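Quick look at final-v5.txt (compact mmCIF, C-alpha atoms and all ligand atoms):
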# COMPACT_ATOMS: atom_id res chain seq x y z
CA MET Q 239 -32.10 -38.97 -17.27
CA SER Q 240 -33.57 -39.44 -13.78
CA PRO Q 241 -35.01 -42.82 -12.72
CA THR Q 242 -38.57 -41.49 -12.98
CA SER Q 243 -38.08 -40.39 -16.59
CA ARG Q 244 -37.75 -42.23 -19.86
CA GLU Q 245 -36.51 -41.61 -23.37
CA THR Q 246 -38.18 -43.28 -26.34
CA VAL Q 247 -37.37 -43.20 -30.04
CA GLN Q 248 -40.06 -43.78 -32.65
CA VAL Q 249 -39.15 -43.96 -36.34
CA TYR Q 250 -41.73 -43.41 -39.10
CA PRO Q 251 -41.38 -44.11 -42.82
CA ASP Q 252 -41.75 -40.48 -43.85
CA ALA Q 253 -42.73 -37.02 -42.64
CA ASP Q 254 -46.43 -37.65 -43.34
CA ALA Q 255 -46.52 -40.73 -41.12
CA LEU Q 256 -44.56 -38.87 -38.45
CA THR Q 257 -47.02 -35.98 -38.58
CA LEU Q 258 -50.01 -38.28 -38.26
CA ALA Q 259 -48.45 -40.02 -35.24
CA ALA Q 260 -47.68 -36.64 -33.67
CA ALA Q 261 -51.23 -35.38 -34.25
CA LEU Q 262 -52.79 -38.47 -32.75
CA ASP Q 263 -50.47 -38.25 -29.76
CA PHE Q 264 -51.28 -34.54 -29.28
CA VAL Q 265 -55.03 -35.16 -29.29
CA LEU Q 266 -54.86 -38.15 -26.94
CA LEU Q 267 -52.63 -36.31 -24.45
CA ALA Q 268 -54.93 -33.28 -24.58
CA GLN Q 269 -58.08 -35.35 -24.06
CA ALA Q 270 -56.55 -37.20 -21.11
CA ALA Q 271 -55.31 -33.99 -19.43
CA VAL Q 272 -58.63 -32.19 -19.94
CA ALA Q 273 -60.57 -35.17 -18.57
CA GLU Q 274 -58.29 -35.28 -15.54
CA ARG Q 275 -57.94 -31.59 -14.65
CA GLY Q 276 -59.81 -29.50 -17.20
CA VAL Q 277 -56.81 -27.97 -18.90
CA PHE Q 278 -53.97 -28.93 -21.27
CA THR Q 279 -50.83 -26.82 -21.57
CA VAL Q 280 -48.57 -27.06 -24.61
CA ALA Q 281 -45.51 -25.13 -25.74
CA LEU Q 282 -45.46 -24.84 -29.53
CA SER Q 283 -42.30 -24.73 -31.60
CA GLY Q 284 -41.06 -23.14 -34.79
CA GLY Q 285 -39.70 -25.31 -37.56
CA SER Q 286 -40.95 -27.23 -40.56
CA THR Q 287 -42.15 -30.46 -38.90
CA PRO Q 288 -44.25 -28.70 -36.24
CA LYS Q 289 -45.77 -26.65 -39.07
CA ARG Q 290 -46.98 -29.83 -40.73
CA LEU Q 291 -48.44 -30.95 -37.41
CA PHE Q 292 -50.22 -27.62 -36.90
CA THR Q 293 -51.72 -27.80 -40.39
CA MET Q 294 -52.97 -31.33 -39.77
CA LEU Q 295 -54.46 -30.41 -36.37
CA ALA Q 296 -56.33 -27.50 -37.98
CA ASP Q 297 -57.50 -29.61 -40.93
CA GLU Q 298 -58.78 -32.21 -38.46
CA ALA Q 299 -60.34 -29.77 -35.98
CA HIS Q 300 -63.81 -31.09 -36.84
CA GLY Q 301 -62.80 -34.63 -37.72
CA ALA Q 302 -61.41 -37.71 -36.04
CA LEU Q 303 -58.50 -35.76 -34.56
CA ALA Q 304 -60.60 -33.01 -32.98
CA ALA Q 305 -58.80 -31.63 -29.92
CA PRO Q 306 -60.62 -29.93 -27.00
CA TRP Q 307 -59.29 -26.51 -28.05
CA GLU Q 308 -61.41 -24.49 -25.61
CA HIS Q 309 -59.42 -26.11 -22.78
CA ILE Q 310 -56.00 -26.02 -24.42
CA HIS Q 311 -53.54 -23.25 -23.57
CA CYS Q 312 -50.86 -22.70 -26.20
CA PHE Q 313 -47.50 -21.22 -25.21
CA PHE Q 314 -44.26 -20.93 -27.16
CA GLY Q 315 -40.93 -22.65 -26.50
CA ASP Q 316 -38.99 -19.93 -28.27
CA GLU Q 317 -39.36 -16.92 -30.49
CA ARG Q 318 -37.29 -14.94 -32.93
CA HIS Q 319 -36.70 -11.28 -32.01
CA VAL Q 320 -39.33 -9.94 -34.42
CA GLY Q 321 -42.93 -8.78 -34.29
CA PRO Q 322 -45.91 -11.13 -34.76
CA GLU Q 323 -46.38 -10.09 -38.40
CA HIS Q 324 -42.80 -10.81 -39.41
CA ALA Q 325 -42.11 -13.71 -41.79
CA ASP Q 326 -39.65 -15.20 -39.25
CA SER Q 327 -42.09 -15.12 -36.32
CA ASN Q 328 -42.84 -18.51 -34.78
CA PHE Q 329 -46.15 -17.09 -33.56
CA ARG Q 330 -47.06 -16.02 -37.08
CA MET Q 331 -46.36 -19.51 -38.40
CA ALA Q 332 -48.39 -21.20 -35.66
CA ASN Q 333 -51.16 -18.66 -36.07
CA GLU Q 334 -51.43 -19.09 -39.82
CA ALA Q 335 -51.13 -22.89 -39.76
CA LEU Q 336 -53.30 -23.54 -36.69
CA LEU Q 337 -54.44 -20.92 -34.20
CA SER Q 338 -56.38 -18.70 -36.61
CA ARG Q 339 -58.08 -21.77 -38.06
CA ILE Q 340 -59.56 -23.30 -34.91
CA ALA Q 341 -62.10 -22.29 -32.27
CA ILE Q 342 -59.65 -21.45 -29.49
CA PRO Q 343 -60.38 -18.58 -27.09
CA ALA Q 344 -57.97 -15.66 -27.58
CA GLU Q 345 -57.01 -15.79 -23.89
CA ASN Q 346 -55.71 -19.36 -24.40
CA ILE Q 347 -52.97 -18.11 -26.74
CA HIS Q 348 -49.87 -16.94 -24.90
CA ARG Q 349 -47.38 -15.53 -27.38
CA ILE Q 350 -43.97 -14.06 -26.61
CA ARG Q 351 -44.06 -10.25 -27.11
CA ALA Q 352 -40.91 -10.31 -29.22
CA GLU Q 353 -41.75 -6.99 -30.87
CA ASN Q 354 -40.24 -5.44 -27.72
CA PRO Q 355 -36.92 -3.92 -28.91
CA ASP Q 356 -35.36 -5.11 -25.65
CA ALA Q 357 -35.17 -8.91 -25.93
CA ALA Q 358 -34.27 -9.35 -22.25
CA GLN Q 359 -37.39 -7.41 -21.30
CA ALA Q 360 -39.52 -9.52 -23.66
CA ALA Q 361 -38.15 -12.65 -21.96
CA ALA Q 362 -38.86 -11.28 -18.47
CA GLN Q 363 -42.41 -10.31 -19.52
CA TYR Q 364 -43.02 -13.79 -20.85
CA GLU Q 365 -41.78 -15.38 -17.63
CA THR Q 366 -44.18 -13.12 -15.72
CA GLU Q 367 -47.03 -14.28 -17.97
CA LEU Q 368 -46.09 -17.93 -17.51
CA ARG Q 369 -45.86 -17.55 -13.73
CA ALA Q 370 -49.27 -15.84 -13.64
CA PHE Q 371 -50.74 -18.83 -15.42
CA PHE Q 372 -48.93 -21.81 -13.91
CA GLU Q 373 -48.40 -20.76 -10.28
CA PRO Q 374 -51.97 -20.00 -9.14
CA ARG Q 375 -53.17 -23.24 -10.77
CA GLY Q 376 -50.51 -25.26 -8.97
CA LEU Q 377 -49.05 -26.43 -12.30
CA VAL Q 378 -45.48 -26.19 -11.01
CA ARG Q 379 -42.79 -28.64 -9.90
CA ASP Q 380 -39.78 -27.50 -7.86
CA GLY Q 381 -40.56 -23.90 -8.82
CA PHE Q 382 -40.76 -24.56 -12.58
CA PRO Q 383 -43.72 -24.90 -14.95
CA ARG Q 384 -45.11 -28.39 -15.43
CA PHE Q 385 -46.13 -28.23 -19.11
CA ASP Q 386 -48.18 -31.20 -20.27
CA LEU Q 387 -46.38 -31.15 -23.61
CA ILE Q 388 -43.45 -29.27 -25.09
CA LEU Q 389 -42.92 -29.57 -28.84
CA LEU Q 390 -39.34 -29.15 -30.00
CA GLY Q 391 -37.31 -29.48 -33.18
CA MET Q 392 -33.58 -29.99 -33.57
CA GLY Q 393 -31.26 -28.01 -35.85
CA PRO Q 394 -28.40 -29.66 -37.77
CA ASP Q 395 -26.01 -28.12 -35.18
CA GLY Q 396 -27.83 -29.88 -32.31
CA HIS Q 397 -29.71 -26.80 -31.06
CA THR Q 398 -33.24 -27.07 -29.79
CA ALA Q 399 -35.75 -24.31 -29.00
CA SER Q 400 -33.27 -21.37 -29.05
CA LEU Q 401 -30.67 -23.18 -26.97
CA PHE Q 402 -27.68 -22.94 -29.30
CA PRO Q 403 -24.23 -24.50 -28.82
CA GLY Q 404 -21.95 -22.22 -26.79
CA SER Q 405 -24.65 -19.74 -25.72
CA THR Q 406 -25.04 -18.39 -22.20
CA ALA Q 407 -28.68 -19.57 -22.12
CA LEU Q 408 -27.40 -23.12 -21.64
CA GLU Q 409 -26.14 -22.22 -18.16
CA GLU Q 410 -29.37 -20.73 -16.83
CA LYS Q 411 -30.59 -22.52 -13.70
CA GLN Q 412 -33.19 -20.16 -12.18
CA ARG Q 413 -35.14 -18.26 -14.80
CA TRP Q 414 -37.88 -19.84 -16.90
CA VAL Q 415 -37.28 -17.67 -19.96
CA VAL Q 416 -34.17 -15.83 -21.17
CA SER Q 417 -33.04 -13.86 -24.18
CA THR Q 418 -29.91 -15.17 -25.84
CA TRP Q 419 -27.57 -13.83 -28.51
CA VAL Q 420 -27.26 -16.24 -31.42
CA GLU Q 421 -23.95 -15.49 -33.09
CA LYS Q 422 -24.78 -17.71 -36.06
CA PHE Q 423 -27.73 -15.48 -37.00
CA LYS Q 424 -26.41 -12.26 -35.39
CA THR Q 425 -29.63 -11.77 -33.51
CA ASP Q 426 -31.27 -12.28 -30.14
CA ARG Q 427 -33.78 -15.03 -29.54
CA ILE Q 428 -36.09 -15.60 -26.59
CA THR Q 429 -36.28 -19.14 -25.24
CA LEU Q 430 -37.49 -21.37 -22.45
CA THR Q 431 -34.53 -22.49 -20.33
CA TYR Q 432 -33.50 -26.07 -19.56
CA PRO Q 433 -35.14 -26.14 -16.11
CA ALA Q 434 -38.40 -24.82 -17.59
CA ILE Q 435 -38.30 -27.43 -20.37
CA ASN Q 436 -37.12 -30.30 -18.22
CA HIS Q 437 -39.98 -30.08 -15.74
CA ALA Q 438 -42.54 -30.89 -18.46
CA ALA Q 439 -44.48 -34.15 -18.32
CA ARG Q 440 -43.77 -34.83 -21.99
CA ILE Q 441 -41.21 -33.42 -24.40
CA SER Q 442 -41.67 -34.42 -28.04
CA LEU Q 443 -38.81 -33.84 -30.46
CA PHE Q 444 -39.67 -33.82 -34.16
CA VAL Q 445 -36.81 -34.49 -36.53
CA ALA Q 446 -37.33 -35.20 -40.22
CA GLY Q 447 -35.10 -35.14 -43.28
CA ALA Q 448 -31.71 -36.43 -44.37
CA ASP Q 449 -29.94 -33.18 -43.40
CA LYS Q 450 -30.49 -34.16 -39.75
CA ALA Q 451 -29.14 -37.73 -40.04
CA ALA Q 452 -25.51 -36.90 -39.13
CA MET Q 453 -26.53 -35.03 -35.96
CA ILE Q 454 -29.07 -37.69 -35.00
CA HIS Q 455 -26.30 -40.28 -35.22
CA GLU Q 456 -24.07 -38.17 -32.97
CA VAL Q 457 -26.84 -37.49 -30.48
CA LEU Q 458 -28.46 -40.92 -30.28
CA VAL Q 459 -25.49 -43.19 -30.95
CA GLU Q 460 -21.97 -41.76 -30.89
CA TYR Q 461 -22.27 -39.36 -27.95
CA LYS Q 462 -25.30 -40.92 -26.32
CA ASP Q 463 -23.55 -41.36 -22.97
CA THR Q 464 -21.31 -38.30 -23.20
CA PRO Q 465 -23.72 -35.50 -24.11
CA ARG Q 466 -22.28 -32.43 -25.81
CA TYR Q 467 -25.08 -30.90 -27.91
CA PRO Q 468 -27.87 -28.70 -26.52
CA VAL Q 469 -30.64 -31.13 -27.46
CA GLN Q 470 -29.00 -33.82 -25.31
CA PHE Q 471 -29.44 -31.75 -22.14
CA VAL Q 472 -33.17 -31.87 -22.61
CA GLN Q 473 -33.60 -34.41 -19.85
CA PRO Q 474 -36.98 -34.54 -18.16
CA VAL Q 475 -36.82 -34.55 -14.36
CA ASP Q 476 -39.99 -36.62 -14.09
CA GLY Q 477 -41.38 -37.14 -17.55
CA GLU Q 478 -40.91 -38.58 -21.00
CA LYS Q 479 -38.64 -37.49 -23.83
CA LEU Q 480 -40.06 -38.81 -27.08
CA TRP Q 481 -38.14 -38.61 -30.34
CA LEU Q 482 -40.30 -38.75 -33.45
CA LEU Q 483 -38.03 -39.33 -36.45
CA ASP Q 484 -38.53 -40.22 -40.06
CA THR Q 485 -36.27 -42.84 -41.64
CA ALA Q 486 -34.31 -40.16 -43.52
CA ALA Q 487 -33.31 -38.49 -40.25
CA ARG Q 488 -32.63 -41.86 -38.60
CA GLY Q 489 -30.00 -42.51 -41.32
C1 LIG Q 501 -36.98 -22.16 -34.26
C2 LIG Q 501 -37.15 -23.50 -33.62
C3 LIG Q 501 -35.90 -24.34 -33.79
C4 LIG Q 501 -36.29 -25.43 -34.76
C5 LIG Q 501 -35.11 -26.20 -35.27
C6 LIG Q 501 -35.51 -27.27 -36.27
O1 LIG Q 501 -37.51 -21.20 -33.77
O2 LIG Q 501 -36.35 -22.15 -35.32
O3 LIG Q 501 -37.68 -23.49 -32.40
O4 LIG Q 501 -35.38 -24.88 -32.61
O5 LIG Q 501 -37.19 -26.29 -34.14
O6 LIG Q 501 -34.22 -25.30 -35.86
O7 LIG Q 501 -36.19 -26.67 -37.32
P1 LIG Q 501 -36.76 -27.56 -38.52
O8 LIG Q 501 -37.78 -28.48 -37.98
O9 LIG Q 501 -37.32 -26.55 -39.49
O10 LIG Q 501 -35.57 -28.27 -39.10

Translate this structure into structure tokens?
Amino acid sequence: MSPTSRETVQVYPDADALTLAAALDFVLLAQAAVAERGVFTVALSGGSTPKRLFTMLADEAHGALAAPWEHIHCFFGDERHVGPEHADSNFRMANEALLSRIAIPAENIHRIRAENPDAAQAAAQYETELRAFFEPRGLVRDGFPRFDLILLGMGPDGHTASLFPGSTALEEKQRWVVSTWVEKFKTDRITLTYPAINHAARISLFVAGADKAAMIHEVLVEYKDTPRYPVQFVQPVDGEKLWLLDTAARG
């Protein structure tokens, strides 16, 4: 972690408390960014904990946790190699839980066109779309997008976004988005790369449930200073890495 970055761990009693904390944090970050420069950029994630957050944000869209959706641009950190109607689609999950339930302009939703049979082409198209958004607005640092917030989960194998152990995507230093073969699932995925993730102002990692406790121990305790799992190379260049855990995951 660079000297201008920090890593924080917050532990909540259960997934509901974690979700509430995440929702509050999302809304406050969005309000501050919109007040400062009129726009808030967030990369959404697949996974079960983000889904709970999306549902809460939609339920609260007219309540105390109302976010300034007309000024929020939603991107995706990764996508499965399927169309937007597919049960495995991260877009479909986010759309059903949140995006279709709030007053957000269609042009503020930037999904990965993973219905493209060529995953590498889908990745390149998404990078083009990201560049067209971030570059003219000056929302870049060292040639990479400066997301206000990137939401991530962590798999029991230590993967995050679609950065899986042993995959070539882990080595990417130039591109913002790549396709990557995931041997475990015998499929391609499309994912933001480390440099694209690590230039964000805030990276929030949601991890809940006892099945994550062993990996959390390895990542935050045992191999803290000798990183070996993909999630450990999420290291903001000039930003904050915030872990939101429940006690079951904390072990
Ligand atoms: C995906 C996610 C992936 C996910 C983790 C954790 O597309 O599957 O981006 O990285 O966040 O696998 O998922 P859970 O929160 O469901 O355990």

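Neighbouring residues of ligand LIG 501 (chain Q) at a cut-off of 6 Å, counting all atoms listed in the file, are Ser283, Gly284, Gly285, Ser286, Thr287, Asp316, Glu317, Leu390, Gly391, Met392, Gly393, Thr398, Ala399 and Ser400 of chain Q.
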
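When only C-alpha atoms are used to compute distances to Q:Leu480, the closest of the residues Q:Asp263, Q:Asp356, Q:Glu373, Q:Asp463 turns out to be Q:Asp263.
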
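For the choices Q:Pro288, Q:Gly477, Q:Pro403, Q:Gly396, the atom-to-atom distance to Q:Ala451 is smallest for Q:Gly396 when using all atoms listed in the file.
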
From the list Q:Ala434, Q:Ala302, Q:Val469, Q:Leu262, which residue is nearest Q:Arg369 when using only C-alpha atoms? Q:Ala434

For Q:Pro355, find every residue with an atom within 12 Å (counting all atoms listed in the file), except residues of its own chain fewer than 2 positions away, and show them as a list in words. Arg318, His319, Val320, Gly321, Arg351, Ala352, Glu353, Ala357, Ala358, Gln359, Ala360, Ala361, Ser417, Thr425, Asp426, Arg427 and Ile428 of chain Q

Would you kindly return, as a list of chain:residue names, each protein, DNA or RNA residue with an atom no farther than 12 Å from any atom of Q:Ala335, considering all atoms listed in the file and excluding same-chain residues fewer than 2 positions away? Q:Leu282, Q:Gly284, Q:Gly285, Q:Ser286, Q:Thr287, Q:Pro288, Q:Lys289, Q:Arg290, Q:Leu291, Q:Phe292, Q:Thr293, Q:Met294, Q:Leu295, Q:Ala296, Q:Asp297, Q:Asn328, Q:Phe329, Q:Arg330, Q:Met331, Q:Ala332, Q:Asn333, Q:Leu337, Q:Ser338, Q:Arg339, Q:Ile340

Just the number, please: distance in Å from atom CA of Q:Thr429 to atom CA of Q:Ala407, one decimal. 8.2 Å

Shortest interatomic distance to Q:Leu389 - which of Q:Ala341, Q:Ala439, Q:Leu408, Q:Ala253, counting only C-alpha atoms: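 Comparing Q:Ala341, Q:Ala439, Q:Leu408, Q:Ala253 against Q:Leu389, the winner is Q:Ala439.
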
Between atom CA of Q:His324 and atom CA of Q:Ile350, what distance in Å does the model show, to one decimal?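 Calculated distance between atom CA of Q:His324 and atom CA of Q:Ile350 is 13.3 Å.
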
Excluding same-chain residues fewer than 4 positions from Q:Thr242, what lies within 9 Å of it counting all atoms listed in the file, as a tab-separated table (two decimals) with C-alpha atoms, in the coordinates of the input?
chain	number	residue	atom	x	y	z
Q	474	PRO	CA	-36.98	-34.54	-18.16
Q	475	VAL	CA	-36.82	-34.55	-14.36
Q	476	ASP	CA	-39.99	-36.62	-14.09
Q	477	GLY	CA	-41.38	-37.14	-17.55
Q	478	GLU	CA	-40.91	-38.58	-21.00

The distance between atom CA of Q:Ala255 and atom CA of Q:Pro465 is 28.9 Å

Env of Q:Phe372: 9 Å cut, atoms = all atoms listed in the file, seq-sep filter 5 positions within chain, self excluded. Answer as number ranges by chain. Q: 367, 377-378, 382-385

Can you write out the residues you just picked, keeping C-alpha atoms, as a compact mmCIF listing (two decimals), keeping the file's coordinate frame?
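Writing done, so here's result-v2.txt:
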# COMPACT_ATOMS: atom_id res chain seq x y z
CA GLU Q 367 -47.03 -14.28 -17.97
CA LEU Q 377 -49.05 -26.43 -12.30
CA VAL Q 378 -45.48 -26.19 -11.01
CA PHE Q 382 -40.76 -24.56 -12.58
CA PRO Q 383 -43.72 -24.90 -14.95
CA ARG Q 384 -45.11 -28.39 -15.43
CA PHE Q 385 -46.13 -28.23 -19.11

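Excluding Q:Arg413 itself and any same-chain residue fewer than 4 positions from it, the protein and nucleic acid residues within 9 Å of it, counting only C-alpha atoms, are Ala362, Glu365, Phe382, Leu430, Thr431, Pro433 and Ala434 of chain Q.
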
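Here the question is which of Q:Gly381, Q:Gly447, Q:Pro468, Q:Pro374 gets nearest to Q:His397 using only C-alpha atoms, and that residue is Q:Pro468.
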
For Q:Lys462, which residue among Q:Ala270, Q:Met239, Q:Ala281, Q:Ile342 is the nearest when counting all atoms listed in the file? Q:Met239
